[in-house]
file work.csv (CSV, C-alpha atoms)
chain,number,residue,atom,x,y,z
A,1141,MET,CA,14.4,-15.0,6.8
A,1142,ALA,CA,14.2,-13.3,10.2
A,1143,ARG,CA,16.4,-15.5,12.4
A,1144,VAL,CA,17.3,-14.4,15.9
A,1145,TYR,CA,20.9,-13.7,15.0
A,1146,GLY,CA,19.9,-11.7,12.0
A,1147,ILE,CA,17.4,-9.7,14.0
A,1148,LYS,CA,20.0,-8.9,16.6
A,1149,LYS,CA,22.4,-7.7,13.9
A,1150,LYS,CA,19.7,-5.5,12.3
A,1151,LEU,CA,18.8,-4.0,15.7
A,1152,LEU,CA,22.5,-3.1,16.2
A,1153,LEU,CA,22.6,-1.6,12.7
A,1154,ASN,CA,19.5,0.5,13.5
A,1155,ASN,CA,21.2,1.9,16.6
A,1156,VAL,CA,18.8,0.3,19.1
A,1157,ASP,CA,20.1,0.7,22.6
A,1158,GLU,CA,22.1,-2.4,23.8
A,1159,LYS,CA,19.8,-2.8,26.9
A,1160,ILE,CA,16.7,-2.9,24.7
A,1161,ILE,CA,18.4,-5.4,22.3
A,1162,LYS,CA,19.2,-7.6,25.2
A,1163,GLU,CA,15.6,-7.5,26.4
A,1164,ILE,CA,14.3,-8.2,23.0
A,1165,ILE,CA,16.5,-11.2,22.3
A,1166,GLY,CA,15.9,-12.6,25.8
A,1167,ASN,CA,15.6,-16.4,25.7
A,1168,GLU,CA,16.1,-16.4,21.9
A,1169,ASP,CA,12.7,-18.0,21.3
A,1170,LEU,CA,11.7,-16.5,17.9
A,1171,VAL,CA,8.0,-16.1,18.8
A,1172,ASP,CA,9.0,-14.3,22.1
A,1173,VAL,CA,11.5,-12.1,20.3
A,1174,ILE,CA,8.8,-10.9,17.9
A,1175,VAL,CA,6.4,-10.3,20.8
A,1176,ARG,CA,9.0,-8.2,22.6
A,1177,MET,CA,9.9,-6.3,19.4
A,1178,GLU,CA,6.2,-5.3,19.1
A,1179,LYS,CA,6.2,-4.0,22.7
A,1180,LEU,CA,9.6,-2.2,22.7
A,1181,LEU,CA,10.1,-0.8,19.2
A,1182,ASP,CA,8.3,1.8,17.0
A,1183,PRO,CA,6.1,-0.2,14.5
A,1184,ASP,CA,7.8,1.4,11.5
A,1185,MET,CA,11.3,0.6,12.8
A,1186,MET,CA,10.2,-3.0,13.6
A,1187,HIS,CA,8.7,-3.5,10.1
A,1188,GLU,CA,11.8,-2.0,8.5
A,1189,ILE,CA,14.1,-4.3,10.5
A,1190,LEU,CA,12.1,-7.4,9.7
A,1191,ASP,CA,11.8,-6.5,6.0
A,1192,SER,CA,15.6,-6.1,5.8
A,1193,CYS,CA,15.9,-9.7,7.2
A,1194,ALA,CA,14.2,-11.1,4.1
A,1195,CYS,CA,15.8,-13.9,2.2
A,1196,GLY,CA,16.3,-13.4,-1.5
A,1197,GLY,CA,15.3,-16.9,-2.6
A,1198,GLY,CA,18.8,-17.7,-3.8
A,1199,GLN,CA,20.9,-16.2,-6.6
A,1200,GLU,CA,19.5,-18.5,-9.3
A,1201,PHE,CA,15.9,-17.4,-8.4
A,1202,LEU,CA,16.9,-13.7,-8.4
A,1203,LYS,CA,18.4,-14.2,-11.9
A,1204,GLN,CA,15.1,-15.7,-13.0
A,1205,CYS,CA,13.2,-12.7,-11.6
A,1206,LYS,CA,15.5,-10.3,-13.4
A,1207,LYS,CA,15.1,-12.2,-16.7
A,1208,ILE,CA,11.3,-12.1,-16.3
A,1209,GLY,CA,11.5,-8.3,-15.7
A,1210,LYS,CA,13.7,-7.8,-18.7
A,1211,ASP,CA,11.3,-9.9,-20.9
A,1212,LEU,CA,8.4,-7.8,-19.7
A,1213,THR,CA,10.0,-4.5,-20.4
A,1214,GLY,CA,7.8,-2.2,-22.4
A,1215,LYS,CA,4.5,-3.8,-21.3
A,1216,SER,CA,2.0,-2.0,-19.1
A,1217,LEU,CA,1.8,-2.9,-15.5
A,1218,ASP,CA,-1.6,-4.6,-16.1
A,1219,GLU,CA,0.0,-6.8,-18.8
A,1220,LYS,CA,2.9,-7.7,-16.6
A,1221,VAL,CA,0.6,-8.7,-13.7
A,1222,ASN,CA,-1.5,-10.8,-16.1
A,1223,HIS,CA,1.6,-12.5,-17.5
A,1224,LEU,CA,2.9,-13.3,-14.0
A,1225,ASN,CA,-0.4,-14.7,-12.8
A,1226,ASN,CA,-1.1,-16.7,-15.9
A,1227,ASN,CA,2.4,-17.9,-16.9
A,1228,ILE,CA,4.8,-17.8,-14.1
A,1229,PHE,CA,3.1,-18.2,-10.7
A,1230,ASP,CA,1.8,-21.4,-9.3
A,1231,SER,CA,1.1,-20.6,-5.6
A,1232,GLU,CA,1.3,-16.8,-5.9
A,1233,LYS,CA,-1.2,-14.3,-7.2
A,1234,ILE,CA,-1.0,-10.5,-7.5
A,1235,ILE,CA,-3.9,-8.1,-8.0
A,1236,LEU,CA,-3.7,-4.4,-8.9
A,1237,ASN,CA,-6.1,-2.7,-6.5
A,1238,GLY,CA,-6.0,0.9,-7.8
A,1239,ASN,CA,-4.8,3.8,-5.7
A,1240,ASN,CA,-1.2,2.6,-6.3
A,1241,LEU,CA,-1.8,-0.6,-4.3
A,1242,LEU,CA,-1.1,-4.2,-5.2
A,1243,THR,CA,-2.1,-7.3,-3.2
A,1244,GLY,CA,0.1,-10.3,-3.2
A,1245,THR,CA,-1.0,-13.7,-2.0
A,1246,LEU,CA,1.1,-16.8,-1.4
A,1247,SER,CA,-1.1,-19.9,-1.1
A,1248,TYR,CA,0.9,-23.0,-0.2
A,1249,LYS,CA,-1.3,-25.8,1.1
A,1250,GLY,CA,-0.6,-29.0,2.9
A,1251,ASN,CA,-3.1,-31.3,4.5
A,1252,GLU,CA,-6.0,-29.0,3.6
A,1253,LYS,CA,-4.4,-26.1,5.6
A,1254,TYR,CA,-2.3,-23.2,4.4
A,1255,LYS,CA,1.3,-23.5,5.3
A,1256,CYS,CA,4.2,-21.2,5.9
A,1257,VAL,CA,7.3,-22.1,3.9
A,1258,CYS,CA,9.6,-19.8,5.7
A,1259,SER,CA,12.6,-21.7,6.9
A,1260,ALA,CA,13.7,-19.3,9.6
A,1261,ALA,CA,13.9,-22.0,12.3
A,1262,VAL,CA,17.3,-23.0,13.4
A,1263,LYS,CA,16.7,-26.7,13.2
A,1264,LYS,CA,17.1,-28.3,9.8
A,1265,GLY,CA,13.8,-29.3,8.2
A,1266,MET,CA,11.7,-27.1,10.6
A,1267,THR,CA,9.6,-24.2,9.4
A,1268,VAL,CA,8.2,-21.2,11.3
A,1269,SER,CA,4.9,-23.0,11.5
A,1270,ASP,CA,6.5,-25.6,13.6
A,1271,LEU,CA,7.6,-23.1,16.3
A,1272,THR,CA,4.2,-22.5,17.6
A,1273,GLY,CA,3.2,-26.2,17.6
A,1274,ASP,CA,-0.4,-27.0,18.3
A,1275,ALA,CA,-0.7,-24.8,21.4
A,1276,ALA,CA,-4.0,-22.9,21.2
A,1277,ASP,CA,-2.6,-19.9,23.0
A,1278,ARG,CA,0.7,-19.5,21.0
A,1279,ALA,CA,0.8,-17.9,17.6
A,1280,MET,CA,3.6,-16.1,15.8
A,1281,PRO,CA,2.7,-12.4,15.7
A,1282,LEU,CA,1.6,-11.3,12.3
A,1283,SER,CA,4.3,-8.6,12.2
A,1284,TYR,CA,6.9,-11.4,11.8
A,1285,CYS,CA,5.7,-11.8,8.2
A,1286,PHE,CA,7.1,-8.4,7.2
A,1287,CYS,CA,10.2,-10.5,6.5
A,1288,CYS,CA,8.4,-12.7,4.0
A,1289,ALA,CA,6.6,-9.7,2.6
A,1290,GLY,CA,10.0,-8.1,2.0
A,1291,SER,CA,11.2,-11.2,0.1
A,1292,PHE,CA,8.1,-11.3,-2.1
A,1293,ARG,CA,8.3,-7.5,-2.6
A,1294,ARG,CA,11.9,-7.7,-3.9
A,1295,HIS,CA,11.0,-10.5,-6.3
A,1296,LEU,CA,8.0,-8.5,-7.6
A,1297,GLN,CA,10.1,-5.4,-8.0
A,1298,LEU,CA,12.5,-7.3,-10.3
A,1299,GLN,CA,9.7,-8.9,-12.2
A,1300,LEU,CA,7.4,-5.9,-12.6
A,1301,GLY,CA,10.1,-3.2,-12.9
A,1302,VAL,CA,8.4,-0.9,-10.3
A,1303,GLY,CA,9.3,0.2,-6.8
A,1304,LEU,CA,7.2,-1.3,-4.0
A,1305,LYS,CA,6.8,-0.7,-0.2
A,1306,THR,CA,5.1,-3.1,2.1
A,1307,LYS,CA,2.1,-1.4,3.4
A,1308,GLU,CA,0.4,-4.2,5.4
A,1309,VAL,CA,0.5,-7.9,6.2
A,1310,VAL,CA,-3.1,-8.9,6.0
A,1311,SER,CA,-2.9,-12.6,6.9
A,1312,SER,CA,-0.6,-15.5,7.4
A,1313,PRO,CA,-0.8,-19.3,8.0
A,1314,ILE,CA,1.5,-18.9,11.1
A,1315,ASN,CA,-0.8,-16.4,12.7
A,1316,SER,CA,-4.1,-18.2,11.8
A,1317,LYS,CA,-3.1,-21.8,12.5
A,1318,GLY,CA,-3.2,-22.5,8.7
A,1319,GLN,CA,-6.7,-21.0,8.1
A,1320,LYS,CA,-5.5,-18.1,6.0
A,1321,PRO,CA,-2.8,-17.7,3.3
A,1322,CYS,CA,0.0,-15.2,3.3
A,1323,GLU,CA,-1.5,-11.9,2.0
A,1324,PHE,CA,0.4,-8.6,1.7
A,1325,ILE,CA,-0.5,-5.2,0.4
A,1326,PHE,CA,2.2,-3.3,-1.3
A,1327,GLU,CA,2.3,0.4,-2.3
A,1328,ILE,CA,3.6,1.2,-5.7
A,1329,VAL,CA,6.3,3.9,-5.3
call {"tool": "encode", "arguments": {"input": "work.csv", "output": "structure tokens"}}
result
Amino acid sequence: MARVYGIKKKLLLNNVDEKIIKEIIGNEDLVDVIVRMEKLLDPDMMHEILDSCACGGGQEFLKQCKKIGKDLTGKSLDEKVNHLNNNIFDSEKIILNGNNLLTGTLSYKGNEKYKCVCSAAVKKGMTVSDLTGDAADRAMPLSYCFCCAGSFRRHLQLQLGVGLKTKEVVSSPINSKGQKPCEFIFEIV
């Protein structure tokens, strides 16, 4: 999860100038930090930094992902995708698009709206969706979700046994005020 302290650490690891880091971190408001990253960093670097902040879902979950991948060894990618969609996933769905692309969707709903389940907020019990509140003019930039895409990508790599690279964040509840689910496009590498 892309928390401010994690972003700062990754900026340092990527040799971003201290002056720029200070400007990006600013008031430590996560929405503002992402807005400043979009202005001050190359998009590829920003996406890489946010992807590297991704949480793993915990050791137990990663073990489950590895076990699923092991159980699916020897099956075609189509068979693996069908197995995950029909037997494993509840709120997730993946689609093979052709051209070495895969779309992954996370559809968590609450009160008839899609919700973000990222827990990157510093306050216990608060999610990223809560950071923007009901303000009509304040939304988390869509690029923030490269973090969640990185987490989903890592899980899918373990389950499908293929390398993936996040190509695009299509939509997110935190950028659409709950009108759209999390949707990512991954390139099979």
call {"tool": "atom_distance", "arguments": {"input": "work.csv", "atom1": "CA of Val1156 (chain A)", "atom2": "CA of Phe1324 (chain A)"}}
result
26.8 Å
call {"tool": "residues_around", "arguments": {"input": "work.csv", "residues": "region 1219-1232 of chain A", "least_positions_apart": "2", "cutoff": "6 Å", "atoms": "all atoms listed in the file", "output": "list of chain:residue names"}}
result
A:Lys1215, A:Ser1216, A:Leu1217, A:Thr1245, A:Leu1246, A:Ser1247, A:Tyr1248
call {"tool": "residues_near_point", "arguments": {"input": "work.csv", "point": "(-5.7, -2.3, -7.0)", "cutoff": "12 Å", "atoms": "all atoms listed in the file", "output": "ChimeraX atom specification"}}
result
/A:1217-1218,1221,1234-1244,1325-1328
call {"tool": "atom_distance", "arguments": {"input": "work.csv", "atom1": "CA of Pro1281 (chain A)", "atom2": "CA of Asn1315 (chain A)"}}
result
6.1 Å
call {"tool": "closest_residue", "arguments": {"input": "work.csv", "among": "A:Ala1279, A:Leu1212, A:Val1329, A:Cys1195", "to": "Ser1291 (chain A)", "atoms": "only C-alpha atoms"}}
result
A:Cys1195
call {"tool": "residues_near_point", "arguments": {"input": "work.csv", "point": "(14.7, -7.3, -13.0)", "cutoff": "10 Å", "atoms": "only C-alpha atoms", "output": "ChimeraX atom specification"}}
result
/A:1202-1213,1294-1302
call {"tool": "write_last_selection", "arguments": {"input": "work.csv", "atoms": "C-alpha atoms", "output": "short mmCIF file (atom, residue, chain, number, x, y, z; two decimals), in the coordinates of the input"}}
result
data_model
loop_
_atom_site.label_atom_id
_atom_site.label_comp_id
_atom_site.auth_asym_id
_atom_site.auth_seq_id
_atom_site.Cartn_x
_atom_site.Cartn_y
_atom_site.Cartn_z
CA LEU A 1202 16.90 -13.70 -8.40
CA LYS A 1203 18.40 -14.20 -11.90
CA GLN A 1204 15.10 -15.70 -13.00
CA CYS A 1205 13.20 -12.70 -11.60
CA LYS A 1206 15.50 -10.30 -13.40
CA LYS A 1207 15.10 -12.20 -16.70
CA ILE A 1208 11.30 -12.10 -16.30
CA GLY A 1209 11.50 -8.30 -15.70
CA LYS A 1210 13.70 -7.80 -18.70
CA ASP A 1211 11.30 -9.90 -20.90
CA LEU A 1212 8.40 -7.80 -19.70
CA THR A 1213 10.00 -4.50 -20.40
CA ARG A 1294 11.90 -7.70 -3.90
CA HIS A 1295 11.00 -10.50 -6.30
CA LEU A 1296 8.00 -8.50 -7.60
CA GLN A 1297 10.10 -5.40 -8.00
CA LEU A 1298 12.50 -7.30 -10.30
CA GLN A 1299 9.70 -8.90 -12.20
CA LEU A 1300 7.40 -5.90 -12.60
CA GLY A 1301 10.10 -3.20 -12.90
CA VAL A 1302 8.40 -0.90 -10.30
#
call {"tool": "residues_around", "arguments": {"input": "work.csv", "residues": "Leu1152 (chain A)", "least_positions_apart": "6", "cutoff": "10 Å", "atoms": "only C-alpha atoms", "output": "list of chain:residue names"}}
result
A:Gly1146, A:Glu1158, A:Ile1161
call {"tool": "write_last_selection", "arguments": {"input": "work.csv", "atoms": "C-alpha atoms", "output": "PDB file, in the frame of the given file"}}
result
ATOM      1  CA  GLY A1146      19.900 -11.700  12.000  1.00  0.00           C
ATOM      2  CA  GLU A1158      22.100  -2.400  23.800  1.00  0.00           C
ATOM      3  CA  ILE A1161      18.400  -5.400  22.300  1.00  0.00           C
TER       4      ILE A1161
END
call {"tool": "closest_residue", "arguments": {"input": "work.csv", "among": "A:Glu1308, A:Glu1252, A:Asp1169, A:Glu1178", "to": "Phe1286 (chain A)", "atoms": "all atoms listed in the file"}}
result
A:Glu1308
call {"tool": "atom_distance", "arguments": {"input": "work.csv", "atom1": "CA of Gly1250 (chain A)", "atom2": "CA of Tyr1284 (chain A)"}}
result
21.1 Å
call {"tool": "closest_residue", "arguments": {"input": "work.csv", "among": "A:Cys1322, A:Asp1172, A:Glu1188, A:Phe1292", "to": "Leu1304 (chain A)", "atoms": "all atoms listed in the file"}}
result
A:Phe1292
call {"tool": "closest_residue", "arguments": {"input": "work.csv", "among": "A:Ile1174, A:Arg1143, A:Met1185, A:Cys1256", "to": "Asn1155 (chain A)", "atoms": "all atoms listed in the file"}}
result
A:Met1185
